[in-house]
Amino acid sequence: MYPRINIDLNKLEENCETFLKQCKDNHITSCFAVVKVLAGNLEAIEMIAKSGFDYLADSRLDNLKKMRLFTKPKALMRLPMISEAKAVVKYVDLSLNSELKTIKKLNSEAKKLNKKHDIILMFDLGDLREGIFYQDDYIDIIDEILMLENICLRGIGTNLTCYGGVIPTAENLSMLVKIAHTLENEFDISFDIISGGNSSTVYLFNQQKIPEAINNLRVGEALLLGRETAYGHWIEGMHQDIFTLEAELIEVKEKPSYPIGEIGMNSFGEIPIIENRGMMNRGIVALGKQDIQIDNLIPIDPKIEVIGGSSDHLILDLKEAHYHVGDIVSFKVNYPGLLQVMTSKYVKKNPK
Ligand SMILES: Cc1ncc(COP(=O)(O)O)c(C=O)c1O
């Protein structure tokens with residue numbers, strides 16, 4: 001059944017082990033496995049649940065709910081919606097937060113369930129997504145959080161290289177540590193988590209630039225694609241080919257490469273810009289923009305090229321390659337592409 005995404009579970013297991021070892025070597029003693037890109041695929045997540053990661057983390061509560069059969073603690077990576085506070089407390093052990101109103105709601109819902117809910121308070125060091133802006137006054141909010149009986153403030157964290165593309169450095173991560181120490185001194189508390197970001201922090205491994213007090217990361221892409229996201233470099237020793245997308249050829253024909261007739265809009269309302277390459281060995285595979293944005297696909301066969309597509313058709317320049325109708329074409333996908341195919345109900349998931 002095609003299209004399908006193959007997931008190599010042995011390689012996934014090895015990436016978990018290799019990555020956690022690299023974390024240890026860099027004084028990262030706790031780590032969240034961010035599995036949102038797996039879109040709740042329990043066979044793949046089970047492999048990670050068996051590994052040494054401390055939390056299974058996702059930004060969607062629906063996915064986290066599905067993971068309740070695993071005993072590993074669960075963490076919500078997107079700030080909770082107030083409207084989902086009850087379910088957050090029920091299905092999730094820890095959430096990232098930045099709004100006192102939401103934290104108070106989590107507290108009252110936790111009280112009803114006679115539970116304690118753990119939080120990490122997020123600080124925005126300049127990337128301008130979630131978090132208390134680092135230049136703002138943050139003493140009062142901590143004072144209030146510490147008074148909430150059913151909330152446990154486990155630590156603080158930051159998220160970089162997401163909206164603004166800001167790279168983690170010794171300087172901005174030291175600002176996070178400074179905030180942590182200020183709060184610990186002011187309130188005579190001790191944080192057990194100082195979370196220094198996501199896969200973009202991984203480029204700092206083995207450079208002695210991650211401040212000692214940073215003891216946690218939350219990683220998705222580094223773990224699953226073996227790639228750090230500050231500069232997009234592959235991580236040594238990690239598999240980059242856990243996932244392979246396969247799709248079936250439904251037409252193979254020799255045709256011109258340039259359309260014939262007056263050119264208007266394509267099926268997506270865009271005026272197509274098409275290069276005239278003369279006669280072409282063209283293939284169409286049964287995969288389309290409904291499944292994946294096509295520039296997120298990389299054909300594994302270096303002889304072939306993706307030249308375009310519509311909702312349900314992907315058009316290939318097969319060049320000199322010998323493919324026939326019914327043959328399977330394999331692709332690598334980048335991280336946004338992986339999220340799309342894992343989310344598409346039309347792409348079969350094939351963990352093996
Ligand atoms: C708050 C937060 N932390 C960590 C991650 C993991 O990011 P990455 O895949 O770059 O490691 C994400 C996104 O998935 C996130 O939203």
# chains A, B, ... in the order shown; residues from 1 in each chain; ligands from 1

$ closest_atom_pairs --of "chain A" --to "ligand 1" --cutoff "7 Å" --atoms "only C-alpha atoms and all ligand atoms" --output "JSON lines"
{"residue": "A:Val34", "atom": "CA", "partner": "ligand 1", "partner_atom_place_in_ligand_line": "6 (C)", "distance": 5.5}
{"residue": "A:Lys36", "atom": "CA", "partner": "ligand 1", "partner_atom_place_in_ligand_line": "14 (O)", "distance": 6.5}
{"residue": "A:Ser59", "atom": "CA", "partner": "ligand 1", "partner_atom_place_in_ligand_line": "16 (O)", "distance": 6.6}
{"residue": "A:Met77", "atom": "CA", "partner": "ligand 1", "partner_atom_place_in_ligand_line": "1 (C)", "distance": 4.7}
{"residue": "A:Arg78", "atom": "CA", "partner": "ligand 1", "partner_atom_place_in_ligand_line": "16 (O)", "distance": 5.8}
{"residue": "A:Asn159", "atom": "CA", "partner": "ligand 1", "partner_atom_place_in_ligand_line": "1 (C)", "distance": 5.7}
{"residue": "A:Gly197", "atom": "CA", "partner": "ligand 1", "partner_atom_place_in_ligand_line": "3 (N)", "distance": 6.2}
{"residue": "A:Asn198", "atom": "CA", "partner": "ligand 1", "partner_atom_place_in_ligand_line": "11 (O)", "distance": 4.0}
{"residue": "A:Ser199", "atom": "CA", "partner": "ligand 1", "partner_atom_place_in_ligand_line": "11 (O)", "distance": 3.7}
{"residue": "A:Ser200", "atom": "CA", "partner": "ligand 1", "partner_atom_place_in_ligand_line": "10 (O)", "distance": 6.1}
{"residue": "A:Arg218", "atom": "CA", "partner": "ligand 1", "partner_atom_place_in_ligand_line": "4 (C)", "distance": 4.6}
{"residue": "A:Val219", "atom": "CA", "partner": "ligand 1", "partner_atom_place_in_ligand_line": "11 (O)", "distance": 3.4}
{"residue": "A:Gly220", "atom": "CA", "partner": "ligand 1", "partner_atom_place_in_ligand_line": "9 (O)", "distance": 3.4}
{"residue": "A:Glu221", "atom": "CA", "partner": "ligand 1", "partner_atom_place_in_ligand_line": "9 (O)", "distance": 4.0}
{"residue": "A:Ala222", "atom": "CA", "partner": "ligand 1", "partner_atom_place_in_ligand_line": "11 (O)", "distance": 5.9}
{"residue": "A:Thr229", "atom": "CA", "partner": "ligand 1", "partner_atom_place_in_ligand_line": "10 (O)", "distance": 6.1}

$ residues_around --residues "Pro302 of chain A" --least-positions-apart "2" --cutoff "12 Å" --atoms "only C-alpha atoms" --output "list of chain:residue names"
A:Ile298, A:Pro299, A:Ile300, A:Ile304, A:Glu305, A:Val306, A:Asp317, A:Leu318, A:Lys319, A:Glu320, A:Ala321, A:Val329, A:Ser330, A:Phe331, A:Lys332

$ write_last_selection --atoms "C-alpha atoms" --output "mmCIF file, in the first residue's frame"
data_model
loop_
_atom_site.group_PDB
_atom_site.id
_atom_site.type_symbol
_atom_site.label_atom_id
_atom_site.label_comp_id
_atom_site.auth_asym_id
_atom_site.auth_seq_id
_atom_site.Cartn_x
_atom_site.Cartn_y
_atom_site.Cartn_z
ATOM 1 C CA ILE A 298 14.559 14.520 -1.799
ATOM 2 C CA PRO A 299 14.651 11.552 -4.268
ATOM 3 C CA ILE A 300 17.091 8.905 -3.050
ATOM 4 C CA ILE A 304 15.915 11.663 -10.896
ATOM 5 C CA GLU A 305 14.463 15.074 -10.045
ATOM 6 C CA VAL A 306 11.152 16.380 -8.709
ATOM 7 C CA ASP A 317 12.130 14.106 -14.516
ATOM 8 C CA LEU A 318 13.306 10.488 -14.730
ATOM 9 C CA LYS A 319 16.186 11.453 -17.059
ATOM 10 C CA GLU A 320 18.168 8.343 -18.063
ATOM 11 C CA ALA A 321 16.775 6.215 -15.219
ATOM 12 C CA VAL A 329 10.298 5.557 -6.020
ATOM 13 C CA SER A 330 11.945 6.322 -2.652
ATOM 14 C CA PHE A 331 12.462 9.719 -1.072
ATOM 15 C CA LYS A 332 14.122 11.218 1.951
#

$ residues_around --residues "His239 of chain A" --least-positions-apart "6" --cutoff "7 Å" --atoms "only C-alpha atoms" --output "JSON, numbers by chain"
{"A": [11, 15, 225, 226]}

$ write_last_selection --atoms "N, CA and C atoms" --output "PDB file, in the first residue's frame"
ATOM      1  N   LYS A  11      17.286   1.629  13.913  1.00  0.00           N
ATOM      2  CA  LYS A  11      18.077   2.863  13.818  1.00  0.00           C
ATOM      3  C   LYS A  11      17.565   3.904  14.817  1.00  0.00           C
ATOM      4  N   ASN A  15      19.729   5.729  17.611  1.00  0.00           N
ATOM      5  CA  ASN A  15      19.828   7.191  17.760  1.00  0.00           C
ATOM      6  C   ASN A  15      19.536   7.629  19.194  1.00  0.00           C
ATOM      7  N   LEU A 225      16.202  12.915  13.028  1.00  0.00           N
ATOM      8  CA  LEU A 225      16.889  13.051  11.725  1.00  0.00           C
ATOM      9  C   LEU A 225      18.401  13.172  11.869  1.00  0.00           C
ATOM     10  N   GLY A 226      18.898  13.180  13.113  1.00  0.00           N
ATOM     11  CA  GLY A 226      20.350  13.248  13.317  1.00  0.00           C
ATOM     12  C   GLY A 226      20.947  14.554  12.823  1.00  0.00           C
TER      13      GLY A 226
END

$ closest_residue --among "A:Leu146, A:Leu125, A:Leu245, A:Leu20" --to "Gly196 of chain A" --atoms "only C-alpha atoms"
A:Leu125

$ residues_around --residues "segment 164-169 of chain A" --least-positions-apart "3" --cutoff "8 Å" --atoms "only C-alpha atoms" --output "list in words"
Gly126, Asp127, Leu128, Arg129, Leu160, Thr161, Asn172, Leu173, Gly197, Ser200, Thr201, Leu204, Lys209, Ile210 and Ala230 of chain A

$ write_last_selection --atoms "N, CA and C atoms" --output "PDB file, in the first residue's frame"
ATOM      1  N   GLY A 126      15.112  36.300  23.349  1.00  0.00           N
ATOM      2  CA  GLY A 126      15.250  37.139  22.154  1.00  0.00           C
ATOM      3  C   GLY A 126      14.729  36.509  20.872  1.00  0.00           C
ATOM      4  N   ASP A 127      14.368  35.223  20.908  1.00  0.00           N
ATOM      5  CA  ASP A 127      13.842  34.583  19.697  1.00  0.00           C
ATOM      6  C   ASP A 127      12.399  35.038  19.417  1.00  0.00           C
ATOM      7  N   LEU A 128      11.764  35.567  20.463  1.00  0.00           N
ATOM      8  CA  LEU A 128      10.422  36.167  20.355  1.00  0.00           C
ATOM      9  C   LEU A 128       9.312  35.187  20.038  1.00  0.00           C
ATOM     10  N   ARG A 129       9.427  33.948  20.565  1.00  0.00           N
ATOM     11  CA  ARG A 129       8.249  33.096  20.595  1.00  0.00           C
ATOM     12  C   ARG A 129       7.803  33.085  22.055  1.00  0.00           C
ATOM     13  N   LEU A 160      14.919  28.570  21.528  1.00  0.00           N
ATOM     14  CA  LEU A 160      15.574  29.452  20.552  1.00  0.00           C
ATOM     15  C   LEU A 160      15.483  28.842  19.156  1.00  0.00           C
ATOM     16  N   THR A 161      15.865  29.648  18.165  1.00  0.00           N
ATOM     17  CA  THR A 161      15.948  29.203  16.770  1.00  0.00           C
ATOM     18  C   THR A 161      14.602  28.647  16.269  1.00  0.00           C
ATOM     19  N   ASN A 172      23.873  33.967  25.437  1.00  0.00           N
ATOM     20  CA  ASN A 172      22.441  33.986  25.771  1.00  0.00           C
ATOM     21  C   ASN A 172      22.065  32.843  26.733  1.00  0.00           C
ATOM     22  N   LEU A 173      22.754  31.697  26.652  1.00  0.00           N
ATOM     23  CA  LEU A 173      22.438  30.629  27.613  1.00  0.00           C
ATOM     24  C   LEU A 173      22.892  31.022  29.020  1.00  0.00           C
ATOM     25  N   GLY A 197      17.097  24.588  25.700  1.00  0.00           N
ATOM     26  CA  GLY A 197      16.622  24.682  24.324  1.00  0.00           C
ATOM     27  C   GLY A 197      16.397  23.359  23.637  1.00  0.00           C
ATOM     28  N   SER A 200      18.779  23.008  18.295  1.00  0.00           N
ATOM     29  CA  SER A 200      19.765  24.009  17.853  1.00  0.00           C
ATOM     30  C   SER A 200      20.915  24.136  18.852  1.00  0.00           C
ATOM     31  N   THR A 201      20.675  23.755  20.108  1.00  0.00           N
ATOM     32  CA  THR A 201      21.747  23.860  21.119  1.00  0.00           C
ATOM     33  C   THR A 201      22.808  22.769  20.912  1.00  0.00           C
ATOM     34  N   LEU A 204      26.499  23.140  19.946  1.00  0.00           N
ATOM     35  CA  LEU A 204      27.491  23.562  20.955  1.00  0.00           C
ATOM     36  C   LEU A 204      28.136  22.388  21.689  1.00  0.00           C
ATOM     37  N   LYS A 209      30.950  25.204  25.616  1.00  0.00           N
ATOM     38  CA  LYS A 209      30.315  26.534  25.580  1.00  0.00           C
ATOM     39  C   LYS A 209      28.932  26.529  26.228  1.00  0.00           C
ATOM     40  N   ILE A 210      28.412  25.329  26.524  1.00  0.00           N
ATOM     41  CA  ILE A 210      27.105  25.285  27.195  1.00  0.00           C
ATOM     42  C   ILE A 210      27.395  25.480  28.687  1.00  0.00           C
ATOM     43  N   ALA A 230      20.869  24.629  14.401  1.00  0.00           N
ATOM     44  CA  ALA A 230      21.412  25.995  14.380  1.00  0.00           C
ATOM     45  C   ALA A 230      21.979  26.282  12.994  1.00  0.00           C
TER      46      ALA A 230
END

$ atom_distance --atom1 "atom CA of Asp291 of chain A" --atom2 "atom CA of Thr244 of chain A"
14.3 Å

$ closest_residue --among "A:Thr29, A:Ile48, A:Glu17, A:Asp137" --to "Leu183 of chain A" --atoms "only C-alpha atoms"
A:Asp137

$ select_by_dssp --residues "segment 71-279 of chain A" --states "helix (DSSP H, G or I)" --output "PyMOL selection string"
chain A and resi 82-91+100-112+139-146+170-187+201-204+221-225

$ residues_around --residues "Leu96 of chain A" --least-positions-apart "4" --cutoff "12 Å" --atoms "only C-alpha atoms" --output "VMD selection string"
chain A and resid 32 57 to 59 74 to 81 88 92 100 102 to 103 106 117 to 123 130 to 132 152 to 159 193 195 197 218

$ write_last_selection --atoms "N, CA and C atoms" --output "compact mmCIF listing (two decimals), in the first residue's frame"
# COMPACT_ATOMS: atom_id res chain seq x y z
N PHE A 32 14.22 15.61 27.18
CA PHE A 32 12.87 15.34 26.68
C PHE A 32 12.97 14.86 25.23
N ALA A 57 7.64 13.96 24.93
CA ALA A 57 7.11 15.32 24.84
C ALA A 57 6.45 15.55 23.50
N ASP A 58 5.38 16.33 23.52
CA ASP A 58 4.63 16.61 22.30
C ASP A 58 3.95 17.95 22.48
N SER A 59 3.58 18.59 21.38
CA SER A 59 2.88 19.87 21.54
C SER A 59 1.37 19.71 21.44
N LYS A 74 5.08 12.32 30.73
CA LYS A 74 4.74 13.05 29.50
C LYS A 74 4.84 14.55 29.75
N ALA A 75 5.27 15.26 28.72
CA ALA A 75 5.40 16.71 28.85
C ALA A 75 4.77 17.40 27.65
N LEU A 76 4.07 18.50 27.94
CA LEU A 76 3.44 19.29 26.87
C LEU A 76 4.39 20.43 26.48
N MET A 77 4.76 20.48 25.19
CA MET A 77 5.75 21.45 24.74
C MET A 77 5.15 22.79 24.33
N ARG A 78 3.89 22.78 23.87
CA ARG A 78 3.27 24.08 23.57
C ARG A 78 2.61 24.59 24.84
N LEU A 79 2.62 25.91 25.05
CA LEU A 79 1.97 26.46 26.23
C LEU A 79 0.53 25.96 26.25
N PRO A 80 0.03 25.54 27.41
CA PRO A 80 -1.35 25.02 27.43
C PRO A 80 -2.37 26.10 27.11
N MET A 81 -3.46 25.69 26.45
CA MET A 81 -4.60 26.58 26.32
C MET A 81 -5.34 26.49 27.65
N VAL A 88 -4.90 18.74 30.44
CA VAL A 88 -3.43 18.82 30.61
C VAL A 88 -3.04 18.17 31.94
N VAL A 92 -0.96 14.82 31.41
CA VAL A 92 0.42 15.26 31.25
C VAL A 92 1.03 15.51 32.62
N LEU A 100 0.70 33.49 33.99
CA LEU A 100 0.23 33.20 35.36
C LEU A 100 -1.24 32.75 35.37
N THR A 102 -2.85 31.05 33.20
CA THR A 102 -2.93 29.63 32.82
C THR A 102 -2.41 28.74 33.96
N ILE A 103 -1.33 29.17 34.58
CA ILE A 103 -0.74 28.37 35.67
C ILE A 103 -1.74 28.25 36.83
N LEU A 106 -4.27 25.71 35.87
CA LEU A 106 -3.70 24.35 36.01
C LEU A 106 -3.71 23.96 37.49
N HIS A 117 0.92 19.28 39.61
CA HIS A 117 1.33 19.40 38.21
C HIS A 117 2.67 20.14 38.15
N ASP A 118 3.64 19.55 37.44
CA ASP A 118 4.96 20.16 37.31
C ASP A 118 4.98 21.16 36.17
N ILE A 119 5.70 22.26 36.37
CA ILE A 119 5.86 23.20 35.25
C ILE A 119 7.32 23.62 35.11
N ILE A 120 7.65 24.01 33.88
CA ILE A 120 8.91 24.73 33.62
C ILE A 120 8.48 26.11 33.14
N LEU A 121 9.01 27.15 33.77
CA LEU A 121 8.67 28.51 33.36
C LEU A 121 9.61 28.92 32.23
N MET A 122 9.02 29.35 31.12
CA MET A 122 9.82 29.65 29.94
C MET A 122 10.25 31.12 29.92
N PHE A 123 11.48 31.34 29.51
CA PHE A 123 12.02 32.70 29.35
C PHE A 123 12.41 32.90 27.89
N GLU A 130 7.60 31.92 22.68
CA GLU A 130 7.03 31.93 24.02
C GLU A 130 8.06 32.27 25.10
N GLY A 131 7.54 32.74 26.24
CA GLY A 131 8.40 32.97 27.40
C GLY A 131 8.31 34.38 27.92
N ILE A 132 8.64 34.52 29.21
CA ILE A 132 8.72 35.84 29.83
C ILE A 132 9.94 36.53 29.24
N CYS A 152 4.14 22.51 40.95
CA CYS A 152 5.53 22.37 41.36
C CYS A 152 6.42 23.00 40.29
N LEU A 153 7.09 24.07 40.63
CA LEU A 153 7.97 24.75 39.68
C LEU A 153 9.30 24.00 39.64
N ARG A 154 9.46 23.17 38.60
CA ARG A 154 10.66 22.31 38.52
C ARG A 154 11.88 23.06 38.01
N GLY A 155 11.62 24.16 37.27
CA GLY A 155 12.77 24.87 36.76
C GLY A 155 12.38 25.89 35.72
N ILE A 156 13.39 26.37 34.99
CA ILE A 156 13.12 27.34 33.93
C ILE A 156 13.75 26.84 32.62
N GLY A 157 13.29 27.43 31.53
CA GLY A 157 13.81 26.98 30.23
C GLY A 157 13.69 28.07 29.19
N THR A 158 14.29 27.81 28.05
CA THR A 158 14.17 28.74 26.94
C THR A 158 14.02 27.97 25.64
N ASN A 159 13.52 28.67 24.63
CA ASN A 159 13.38 28.06 23.31
C ASN A 159 13.94 29.03 22.28
N ILE A 193 15.62 21.54 36.97
CA ILE A 193 15.75 21.57 35.50
C ILE A 193 16.10 23.00 35.05
N SER A 195 16.54 24.22 31.36
CA SER A 195 16.39 23.62 30.04
C SER A 195 16.90 24.58 28.95
N GLY A 197 17.10 24.59 25.70
CA GLY A 197 16.62 24.68 24.32
C GLY A 197 16.40 23.36 23.64
N ARG A 218 15.42 19.69 25.13
CA ARG A 218 14.19 19.07 24.61
C ARG A 218 14.41 18.92 23.10

$ atom_distance --atom1 "atom CA of His181 of chain A" --atom2 "atom CA of Tyr134 of chain A"
13.6 Å

$ atom_distance --atom1 "atom CA of Trp234 of chain A" --atom2 "atom CA of Leu12 of chain A"
15.5 Å

$ residues_around --residues "segment 340-346 of chain A" --least-positions-apart "6" --cutoff "8 Å" --atoms "only C-alpha atoms" --output "PyMOL selection string"
chain A and resi 3+5+37-39+290-293

$ residues_around --residues "Ser311 of chain A" --least-positions-apart "3" --cutoff "9 Å" --atoms "only C-alpha atoms" --output "ChimeraX atom specification"
/A:267-268,287-291,314

$ select_by_dssp --residues "segment 53-225 of chain A" --states "strand (DSSP E)" --output "PDB file with N, CA and C atoms, in the first residue's frame"
ATOM      1  N   TYR A  55      11.403  12.156  29.464  1.00  0.00           N
ATOM      2  CA  TYR A  55      10.001  12.469  29.168  1.00  0.00           C
ATOM      3  C   TYR A  55       9.708  12.184  27.700  1.00  0.00           C
ATOM      4  N   LEU A  56       8.479  11.786  27.415  1.00  0.00           N
ATOM      5  CA  LEU A  56       7.945  11.830  26.055  1.00  0.00           C
ATOM      6  C   LEU A  56       7.261  13.186  25.935  1.00  0.00           C
ATOM      7  N   ALA A  57       7.638  13.956  24.933  1.00  0.00           N
ATOM      8  CA  ALA A  57       7.108  15.321  24.842  1.00  0.00           C
ATOM      9  C   ALA A  57       6.454  15.553  23.496  1.00  0.00           C
ATOM     10  N   ASP A  58       5.376  16.328  23.516  1.00  0.00           N
ATOM     11  CA  ASP A  58       4.630  16.610  22.297  1.00  0.00           C
ATOM     12  C   ASP A  58       3.946  17.952  22.483  1.00  0.00           C
ATOM     13  N   LYS A  74       5.075  12.317  30.731  1.00  0.00           N
ATOM     14  CA  LYS A  74       4.735  13.045  29.495  1.00  0.00           C
ATOM     15  C   LYS A  74       4.841  14.546  29.749  1.00  0.00           C
ATOM     16  N   ALA A  75       5.267  15.256  28.721  1.00  0.00           N
ATOM     17  CA  ALA A  75       5.400  16.713  28.848  1.00  0.00           C
ATOM     18  C   ALA A  75       4.767  17.400  27.653  1.00  0.00           C
ATOM     19  N   LEU A  76       4.073  18.499  27.935  1.00  0.00           N
ATOM     20  CA  LEU A  76       3.444  19.289  26.867  1.00  0.00           C
ATOM     21  C   LEU A  76       4.386  20.429  26.483  1.00  0.00           C
ATOM     22  N   LEU A  94       4.014  17.244  33.089  1.00  0.00           N
ATOM     23  CA  LEU A  94       4.739  18.525  33.138  1.00  0.00           C
ATOM     24  C   LEU A  94       4.363  19.347  31.914  1.00  0.00           C
ATOM     25  N   SER A  95       4.227  20.665  32.115  1.00  0.00           N
ATOM     26  CA  SER A  95       4.008  21.524  30.935  1.00  0.00           C
ATOM     27  C   SER A  95       4.919  22.743  31.001  1.00  0.00           C
ATOM     28  N   LEU A  96       5.200  23.302  29.807  1.00  0.00           N
ATOM     29  CA  LEU A  96       5.971  24.541  29.720  1.00  0.00           C
ATOM     30  C   LEU A  96       4.979  25.689  29.811  1.00  0.00           C
ATOM     31  N   ASN A  97       5.306  26.711  30.574  1.00  0.00           N
ATOM     32  CA  ASN A  97       4.348  27.795  30.797  1.00  0.00           C
ATOM     33  C   ASN A  97       5.025  29.157  30.798  1.00  0.00           C
ATOM     34  N   HIS A 117       0.925  19.283  39.613  1.00  0.00           N
ATOM     35  CA  HIS A 117       1.333  19.399  38.213  1.00  0.00           C
ATOM     36  C   HIS A 117       2.666  20.144  38.148  1.00  0.00           C
ATOM     37  N   ASP A 118       3.637  19.548  37.443  1.00  0.00           N
ATOM     38  CA  ASP A 118       4.963  20.163  37.313  1.00  0.00           C
ATOM     39  C   ASP A 118       4.976  21.163  36.170  1.00  0.00           C
ATOM     40  N   ILE A 119       5.697  22.257  36.373  1.00  0.00           N
ATOM     41  CA  ILE A 119       5.862  23.195  35.250  1.00  0.00           C
ATOM     42  C   ILE A 119       7.324  23.625  35.113  1.00  0.00           C
ATOM     43  N   ILE A 120       7.655  24.015  33.884  1.00  0.00           N
ATOM     44  CA  ILE A 120       8.911  24.733  33.622  1.00  0.00           C
ATOM     45  C   ILE A 120       8.480  26.106  33.144  1.00  0.00           C
ATOM     46  N   LEU A 121       9.009  27.151  33.769  1.00  0.00           N
ATOM     47  CA  LEU A 121       8.666  28.506  33.359  1.00  0.00           C
ATOM     48  C   LEU A 121       9.614  28.924  32.228  1.00  0.00           C
ATOM     49  N   MET A 122       9.015  29.349  31.124  1.00  0.00           N
ATOM     50  CA  MET A 122       9.825  29.653  29.941  1.00  0.00           C
ATOM     51  C   MET A 122      10.250  31.124  29.917  1.00  0.00           C
ATOM     52  N   PHE A 123      11.485  31.342  29.510  1.00  0.00           N
ATOM     53  CA  PHE A 123      12.018  32.698  29.350  1.00  0.00           C
ATOM     54  C   PHE A 123      12.409  32.904  27.894  1.00  0.00           C
ATOM     55  N   ASP A 124      12.000  34.055  27.358  1.00  0.00           N
ATOM     56  CA  ASP A 124      12.316  34.410  25.971  1.00  0.00           C
ATOM     57  C   ASP A 124      13.601  35.235  25.973  1.00  0.00           C
ATOM     58  N   ILE A 132       8.643  34.517  29.209  1.00  0.00           N
ATOM     59  CA  ILE A 132       8.718  35.843  29.830  1.00  0.00           C
ATOM     60  C   ILE A 132       9.942  36.531  29.238  1.00  0.00           C
ATOM     61  N   PHE A 133       9.769  37.742  28.752  1.00  0.00           N
ATOM     62  CA  PHE A 133      10.903  38.437  28.122  1.00  0.00           C
ATOM     63  C   PHE A 133      11.980  38.664  29.182  1.00  0.00           C
ATOM     64  N   ILE A 151       0.945  23.219  42.172  1.00  0.00           N
ATOM     65  CA  ILE A 151       1.909  23.425  41.087  1.00  0.00           C
ATOM     66  C   ILE A 151       3.311  23.267  41.661  1.00  0.00           C
ATOM     67  N   CYS A 152       4.136  22.508  40.950  1.00  0.00           N
ATOM     68  CA  CYS A 152       5.535  22.366  41.364  1.00  0.00           C
ATOM     69  C   CYS A 152       6.416  23.002  40.285  1.00  0.00           C
ATOM     70  N   LEU A 153       7.088  24.074  40.634  1.00  0.00           N
ATOM     71  CA  LEU A 153       7.970  24.754  39.684  1.00  0.00           C
ATOM     72  C   LEU A 153       9.299  23.999  39.641  1.00  0.00           C
ATOM     73  N   ARG A 154       9.459  23.171  38.599  1.00  0.00           N
ATOM     74  CA  ARG A 154      10.656  22.308  38.515  1.00  0.00           C
ATOM     75  C   ARG A 154      11.878  23.065  38.010  1.00  0.00           C
ATOM     76  N   GLY A 155      11.619  24.156  37.274  1.00  0.00           N
ATOM     77  CA  GLY A 155      12.774  24.867  36.757  1.00  0.00           C
ATOM     78  C   GLY A 155      12.379  25.887  35.716  1.00  0.00           C
ATOM     79  N   ILE A 156      13.394  26.368  34.991  1.00  0.00           N
ATOM     80  CA  ILE A 156      13.118  27.338  33.929  1.00  0.00           C
ATOM     81  C   ILE A 156      13.754  26.837  32.624  1.00  0.00           C
ATOM     82  N   GLY A 157      13.292  27.425  31.525  1.00  0.00           N
ATOM     83  CA  GLY A 157      13.812  26.976  30.233  1.00  0.00           C
ATOM     84  C   GLY A 157      13.693  28.065  29.190  1.00  0.00           C
ATOM     85  N   THR A 158      14.294  27.808  28.051  1.00  0.00           N
ATOM     86  CA  THR A 158      14.174  28.745  26.940  1.00  0.00           C
ATOM     87  C   THR A 158      14.020  27.968  25.641  1.00  0.00           C
ATOM     88  N   ILE A 193      15.619  21.535  36.972  1.00  0.00           N
ATOM     89  CA  ILE A 193      15.748  21.568  35.504  1.00  0.00           C
ATOM     90  C   ILE A 193      16.098  22.995  35.046  1.00  0.00           C
ATOM     91  N   ILE A 194      17.188  23.106  34.315  1.00  0.00           N
ATOM     92  CA  ILE A 194      17.452  24.363  33.583  1.00  0.00           C
ATOM     93  C   ILE A 194      17.595  23.929  32.129  1.00  0.00           C
ATOM     94  N   SER A 195      16.542  24.219  31.359  1.00  0.00           N
ATOM     95  CA  SER A 195      16.393  23.620  30.037  1.00  0.00           C
ATOM     96  C   SER A 195      16.898  24.584  28.954  1.00  0.00           C
ATOM     97  N   ASN A 216      19.463  20.317  30.888  1.00  0.00           N
ATOM     98  CA  ASN A 216      18.360  19.661  30.171  1.00  0.00           C
ATOM     99  C   ASN A 216      18.214  20.238  28.757  1.00  0.00           C
ATOM    100  N   LEU A 217      17.822  19.361  27.819  1.00  0.00           N
ATOM    101  CA  LEU A 217      17.418  19.808  26.476  1.00  0.00           C
ATOM    102  C   LEU A 217      16.117  19.107  26.113  1.00  0.00           C
ATOM    103  N   ARG A 218      15.425  19.685  25.133  1.00  0.00           N
ATOM    104  CA  ARG A 218      14.192  19.074  24.606  1.00  0.00           C
ATOM    105  C   ARG A 218      14.415  18.921  23.098  1.00  0.00           C
ATOM    106  N   VAL A 219      14.557  17.669  22.639  1.00  0.00           N
ATOM    107  CA  VAL A 219      14.991  17.511  21.250  1.00  0.00           C
ATOM    108  C   VAL A 219      14.075  16.633  20.404  1.00  0.00           C
TER     109      VAL A 219
END
